[in-house]
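Coordinates from my_file-v2.pdb are shown below (PDB, C-alpha atoms).
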```pdb
ATOM      1  CA  MET A   1      70.988  15.480  70.960
ATOM      2  CA  ARG A   2      68.694  18.200  69.634
ATOM      3  CA  ARG A   3      67.167  18.692  73.072
ATOM      4  CA  ALA A   4      70.600  19.238  74.570
ATOM      5  CA  LEU A   5      71.439  21.758  71.847
ATOM      6  CA  TYR A   6      68.142  23.620  72.407
ATOM      7  CA  LEU A   7      68.748  23.600  76.158
ATOM      8  CA  VAL A   8      72.247  25.054  75.728
ATOM      9  CA  LEU A   9      70.931  27.763  73.381
ATOM     10  CA  LEU A  10      68.129  28.585  75.813
ATOM     11  CA  LEU A  11      70.592  28.869  78.706
ATOM     12  CA  LEU A  12      72.890  31.126  76.658
ATOM     13  CA  ALA A  13      69.967  33.370  75.696
ATOM     14  CA  PHE A  14      68.803  33.559  79.321
ATOM     15  CA  SER A  15      72.281  34.412  80.589
ATOM     16  CA  ALA A  16      72.647  37.131  77.957
ATOM     17  CA  VAL A  17      69.314  38.694  78.934
ATOM     18  CA  SER A  18      70.018  38.502  82.665
ATOM     19  CA  ARG A  19      73.496  39.952  82.167
ATOM     20  CA  THR A  20      72.150  43.001  80.335
ATOM     21  CA  ASP A  21      69.467  43.496  82.993
ATOM     22  CA  ALA A  22      72.075  43.234  85.754
ATOM     23  CA  HIS A  23      74.209  45.929  84.123
ATOM     24  CA  ALA A  24      71.322  48.327  83.555
ATOM     25  CA  GLN A  25      71.752  51.129  86.049
ATOM     26  CA  ARG A  26      68.549  51.579  88.010
ATOM     27  CA  MET A  27      69.845  54.346  90.275
ATOM     28  CA  GLY A  28      72.261  57.138  89.445
ATOM     29  CA  LEU A  29      74.093  60.050  90.985
ATOM     30  CA  THR A  30      73.969  63.695  89.928
ATOM     31  CA  ASN A  31      76.215  66.636  90.785
ATOM     32  CA  LEU A  32      78.746  65.054  93.158
ATOM     33  CA  VAL A  33      80.617  67.900  94.865
ATOM     34  CA  VAL A  34      83.001  68.073  97.850
ATOM     35  CA  ASP A  35      83.442  71.551  99.316
ATOM     36  CA  ASN A  36      84.130  73.646 102.401
ATOM     37  CA  GLN A  37      80.997  75.053 104.027
ATOM     38  CA  GLU A  38      81.638  77.008 107.217
ATOM     39  CA  GLY A  39      84.750  74.996 108.042
ATOM     40  CA  ARG A  40      83.121  71.588 107.438
ATOM     41  CA  VAL A  41      83.746  69.035 104.686
ATOM     42  CA  LYS A  42      80.411  68.718 102.901
ATOM     43  CA  VAL A  43      79.463  66.227 100.220
ATOM     44  CA  ARG A  44      76.599  67.402  98.021
ATOM     45  CA  PHE A  45      74.883  65.138  95.506
ATOM     46  CA  GLY A  46      71.558  64.097  94.060
ATOM     47  CA  VAL A  47      70.124  60.613  93.691
ATOM     48  CA  ASP A  48      68.197  59.800  90.514
ATOM     49  CA  VAL A  49      66.084  56.642  90.808
ATOM     50  CA  LYS A  50      65.345  55.394  87.303
ATOM     51  CA  ALA A  51      63.449  52.245  88.386
ATOM     52  CA  VAL A  52      60.364  54.041  89.689
ATOM     53  CA  ASP A  53      58.073  51.147  88.703
ATOM     54  CA  ALA A  54      60.143  48.628  90.675
ATOM     55  CA  VAL A  55      60.107  50.876  93.748
ATOM     56  CA  ASN A  56      56.357  51.412  93.375
ATOM     57  CA  ASP A  57      55.752  47.648  93.111
ATOM     58  CA  ALA A  58      57.838  47.021  96.236
ATOM     59  CA  LEU A  59      55.929  49.643  98.221
ATOM     60  CA  VAL A  60      52.524  48.436  97.032
ATOM     61  CA  SER A  61      53.454  44.877  98.067
ATOM     62  CA  GLY A  62      54.026  46.147 101.608
ATOM     63  CA  GLN A  63      57.797  46.478 101.763
ATOM     64  CA  VAL A  64      59.398  49.205 103.877
ATOM     65  CA  LEU A  65      62.237  50.883 101.971
ATOM     66  CA  ALA A  66      64.987  53.352 102.837
ATOM     67  CA  LEU A  67      67.694  55.155 100.884
ATOM     68  CA  GLU A  68      71.031  54.479 102.560
ATOM     69  CA  CYS A  69      73.997  56.686 101.654
ATOM     70  CA  ARG A  70      77.498  55.970 102.964
ATOM     71  CA  ALA A  71      80.513  58.178 102.359
ATOM     72  CA  TRP A  72      84.197  57.533 103.117
ATOM     73  CA  LEU A  73      86.904  60.161 102.801
ATOM     74  CA  THR A  74      90.436  58.765 102.622
ATOM     75  CA  ARG A  75      93.889  60.244 102.102
ATOM     76  CA  LYS A  76      95.569  58.494  99.189
ATOM     77  CA  ARG A  77      98.962  56.905  99.818
ATOM     78  CA  ASP A  78     101.394  55.471  97.290
ATOM     79  CA  TYR A  79     102.800  52.369  98.971
ATOM     80  CA  SER A  80     100.167  51.530 101.526
ATOM     81  CA  TRP A  81      96.406  51.411 101.930
ATOM     82  CA  ASN A  82      94.613  54.709 101.957
ATOM     83  CA  ALA A  83      94.225  56.304 105.396
ATOM     84  CA  GLU A  84      90.640  56.962 106.448
ATOM     85  CA  VAL A  85      89.969  60.585 107.354
ATOM     86  CA  SER A  86      86.250  60.347 108.068
ATOM     87  CA  ARG A  87      83.028  58.577 107.220
ATOM     88  CA  ALA A  88      79.326  59.349 107.373
ATOM     89  CA  GLN A  89      76.042  57.578 106.798
ATOM     90  CA  THR A  90      72.496  58.749 106.273
ATOM     91  CA  LEU A  91      69.217  56.852 106.033
ATOM     92  CA  SER A  92      65.923  58.271 104.760
ATOM     93  CA  SER A  93      62.766  56.182 104.897
ATOM     94  CA  LEU A  94      60.254  55.759 102.091
ATOM     95  CA  ARG A  95      56.761  54.446 102.717
ATOM     96  CA  LEU A  96      53.316  54.246 101.198
ATOM     97  CA  HIS A  97      50.408  55.117 103.464
ATOM     98  CA  ASP A  98      47.252  52.972 103.245
ATOM     99  CA  GLY A  99      45.660  54.059  99.977
ATOM    100  CA  GLY A 100      47.328  57.401 100.409
ATOM    101  CA  PRO A 101      50.390  59.297  99.329
ATOM    102  CA  PHE A 102      54.027  58.296  99.275
ATOM    103  CA  GLU A 103      56.170  59.819 102.012
ATOM    104  CA  ILE A 104      59.918  60.276 102.390
ATOM    105  CA  VAL A 105      61.364  61.333 105.740
ATOM    106  CA  LEU A 106      64.878  62.750 105.612
ATOM    107  CA  PRO A 107      67.119  62.444 108.674
ATOM    108  CA  GLY A 108      68.593  65.346 110.545
ATOM    109  CA  GLY A 109      67.527  68.030 112.921
ATOM    110  CA  ARG A 110      64.743  69.345 110.706
ATOM    111  CA  GLN A 111      63.100  65.974 109.958
ATOM    112  CA  GLU A 112      61.864  67.063 106.542
ATOM    113  CA  HIS A 113      58.863  65.218 105.091
ATOM    114  CA  PHE A 114      58.094  64.959 101.386
ATOM    115  CA  ARG A 115      54.611  63.679 100.446
ATOM    116  CA  GLY A 116      52.705  63.164  97.232
ATOM    117  CA  ARG A 117      50.930  60.731  94.961
ATOM    118  CA  ASP A 118      53.565  60.847  92.192
ATOM    119  CA  LEU A 119      56.406  58.617  93.451
ATOM    120  CA  GLY A 120      58.940  59.826  90.870
ATOM    121  CA  LEU A 121      58.326  63.464  91.774
ATOM    122  CA  VAL A 122      58.490  62.805  95.528
ATOM    123  CA  MET A 123      61.830  60.966  95.156
ATOM    124  CA  LYS A 124      63.216  63.741  92.935
ATOM    125  CA  GLU A 125      62.199  66.469  95.399
ATOM    126  CA  ALA A 126      63.526  64.613  98.451
ATOM    127  CA  TRP A 127      66.688  63.057  97.049
ATOM    128  CA  GLY A 128      67.545  65.455  94.220
ATOM    129  CA  ASN A 129      69.694  67.664  96.460
ATOM    130  CA  MET A 130      71.287  65.892  99.435
ATOM    131  CA  SER A 131      74.191  66.803 101.696
ATOM    132  CA  MET A 132      76.405  64.883 104.129
ATOM    133  CA  ASP A 133      78.837  66.260 106.717
ATOM    134  CA  LEU A 134      82.247  64.543 106.788
ATOM    135  CA  GLY A 135      83.822  66.468 109.660
ATOM    136  CA  ALA A 136      86.053  69.473 110.101
ATOM    137  CA  TRP A 137      87.794  70.909 107.045
ATOM    138  CA  ASP A 138      91.045  71.301 109.002
ATOM    139  CA  SER A 139      91.314  67.485 109.125
ATOM    140  CA  LEU A 140      92.511  67.772 105.489
ATOM    141  CA  ALA A 141      96.160  68.654 104.968
ATOM    142  CA  ARG A 142      97.285  70.811 102.054
ATOM    143  CA  GLY A 143      99.288  69.155  99.314
ATOM    144  CA  ASN A 144      97.671  65.715  99.665
ATOM    145  CA  ALA A 145      95.483  63.650  97.374
ATOM    146  CA  TYR A 146      92.145  62.425  98.693
ATOM    147  CA  SER A 147      89.485  60.020  97.577
ATOM    148  CA  LEU A 148      85.779  60.192  98.333
ATOM    149  CA  THR A 149      83.771  56.987  97.987
ATOM    150  CA  LEU A 150      79.990  57.280  98.007
ATOM    151  CA  GLU A 151      77.718  54.246  98.072
ATOM    152  CA  ILE A 152      73.972  54.572  97.585
ATOM    153  CA  ARG A 153      71.469  51.759  97.967
ATOM    154  CA  LEU A 154      67.744  51.311  98.359
ATOM    155  CA  VAL A 155      67.387  48.801 101.188
ATOM    156  CA  ARG A 156      64.448  46.843 102.548
ATOM    157  CA  GLN A 157      63.971  47.688 106.212
ATOM    158  CA  ASP A 158      61.455  44.937 106.901
ATOM    159  CA  VAL A 159      64.139  42.211 106.783
ATOM    160  CA  SER A 160      65.426  41.265 110.234
ATOM    161  CA  SER A 161      69.136  41.505 110.991
ATOM    162  CA  TRP A 162      69.420  37.817 111.972
ATOM    163  CA  LEU A 163      68.009  36.813 108.564
ATOM    164  CA  LYS A 164      70.484  39.110 106.812
ATOM    165  CA  GLY A 165      73.286  37.553 108.861
ATOM    166  CA  ALA A 166      72.172  33.983 108.219
ATOM    167  CA  LEU A 167      71.730  34.600 104.488
ATOM    168  CA  PHE A 168      74.741  36.905 104.099
ATOM    169  CA  PHE A 169      75.149  35.880 100.462
ATOM    170  CA  TRP A 170      71.610  37.022  99.545
ATOM    171  CA  ASN A 171      70.974  40.585  98.383
ATOM    172  CA  PHE A 172      67.980  42.099 100.201
ATOM    173  CA  ASP A 173      68.213  45.489  98.468
ATOM    174  CA  ALA A 174      65.232  46.717  96.466
ATOM    175  CA  ILE A 175      67.679  48.204  93.942
ATOM    176  CA  PRO A 176      71.304  47.013  93.708
ATOM    177  CA  PRO A 177      73.863  49.327  95.340
ATOM    178  CA  VAL A 178      75.843  51.817  93.280
ATOM    179  CA  LYS A 179      79.300  53.035  94.272
ATOM    180  CA  TYR A 180      81.047  56.202  93.079
ATOM    181  CA  GLN A 181      84.564  57.469  93.669
ATOM    182  CA  LEU A 182      85.824  61.035  93.350
ATOM    183  CA  ASP A 183      89.585  61.697  93.562
ATOM    184  CA  PHE A 184      90.763  65.230  94.329
ATOM    185  CA  SER A 185      93.773  67.153  95.603
ATOM    186  CA  TYR A 186      93.838  69.842  98.252
TER     187      TYR A 186
END
```
Please render this file's structure as structure tokens.
Amino acid sequence: MRRALYLVLLLLAFSAVSRTDAHAQRMGLTNLVVDNQEGRVKVRFGVDVKAVDAVNDALVSGQVLALECRAWLTRKRDYSWNAEVSRAQTLSSLRLHDGGPFEIVLPGGRQEHFRGRDLGLVMKEAWGNMSMDLGAWDSLARGNAYSLTLEIRLVRQDVSSWLKGALFFWNFDAIPPVKYQLDFSY
């Protein structure tokens, strides 16, 4: 009887600890802004990775990581589902060279590279000020309410797509995804 009681208490303690760890935010968003830049809908934001040690451990163990950002812009409707206006996605790779520095390669025409031995500083410089293009500004109609959803995740790129499909219930992300929503009127 005592063993069963100790086992129940141990399970409750473990679930309480794992629940608090699961709710601890390991990645955050800074300065989320939607604006008009030269006739384009631009989303500007910064990604703040708080779990630098976990990312470092993953890279040292040989994993290939990438920051994946997805944005959806929808027009809000009262009695129906929101209507999608546009969507965008960006992927920037993060790697550790053999005994050398960390490197982040941002996508786009310029192919910017950020390198250094301090992982936290490299991530802050590369991901502290990001931008995504969501299409032409004239796709928005005046007098409507809109919603921007932004999802950021640090994914493992070394996992094959067939394994992800077969184990669809398993999370292969290095850091759990975080989703943000910004509602605005135009």
Result set, the PyMOL selection byres ((chain A and resi 75-80) around 10) on current file, as a CSV table (one decimal) with C-alpha atoms, keeping the file's coordinate frame:
```
chain,number,residue,atom,x,y,z
A,73,LEU,CA,86.9,60.2,102.8
A,74,THR,CA,90.4,58.8,102.6
A,81,TRP,CA,96.4,51.4,101.9
A,82,ASN,CA,94.6,54.7,102.0
A,83,ALA,CA,94.2,56.3,105.4
A,84,GLU,CA,90.6,57.0,106.4
A,85,VAL,CA,90.0,60.6,107.4
A,86,SER,CA,86.2,60.3,108.1
A,140,LEU,CA,92.5,67.8,105.5
A,141,ALA,CA,96.2,68.7,105.0
A,144,ASN,CA,97.7,65.7,99.7
A,145,ALA,CA,95.5,63.6,97.4
A,146,TYR,CA,92.1,62.4,98.7
A,147,SER,CA,89.5,60.0,97.6
A,148,LEU,CA,85.8,60.2,98.3
A,183,ASP,CA,89.6,61.7,93.6
A,184,PHE,CA,90.8,65.2,94.3
A,185,SER,CA,93.8,67.2,95.6
```
Pairwise distance for atom CA of Glu68 of chain A and atom CA of Arg26 of chain A, rounded to one decimal in Å:
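Here the two named atoms are 15.0 Å from each other.
Those residues returned by the PyMOL selection byres ((chain A and resi 27-39) around 8) for this file are Gln25, Arg26, Arg40, Val41, Lys42, Val43, Arg44, Phe45, Gly46, Val47, Asp48, Val49, Lys50, Ala51, Gly128, Ala136, Trp137, Asp138, Ile175 and Val178 of chain A.
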Taking the file as I've supplied it (selection: the PyMOL selection byres ((chain A and resi 174) around 9)), which residues are included? Please answer as a PyMOL selection string.
chain A and resi 54-55+58+65+153-156+171-173+175-176
Residue subset to file, keeping C-alpha atoms, as a tab-separated table (two decimals), in the coordinates of the input:
```
chain	number	residue	atom	x	y	z
A	54	ALA	CA	60.14	48.63	90.68
A	55	VAL	CA	60.11	50.88	93.75
A	58	ALA	CA	57.84	47.02	96.24
A	65	LEU	CA	62.24	50.88	101.97
A	153	ARG	CA	71.47	51.76	97.97
A	154	LEU	CA	67.74	51.31	98.36
A	155	VAL	CA	67.39	48.80	101.19
A	156	ARG	CA	64.45	46.84	102.55
A	171	ASN	CA	70.97	40.58	98.38
A	172	PHE	CA	67.98	42.10	100.20
A	173	ASP	CA	68.21	45.49	98.47
A	175	ILE	CA	67.68	48.20	93.94
A	176	PRO	CA	71.30	47.01	93.71
```
Between atom CA of Arg117 of chain A and atom CA of Val60 of chain A, what is the spacing in Å?
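Atom CA of Arg117 of chain A lies at a distance of 12.6 Å from atom CA of Val60 of chain A.
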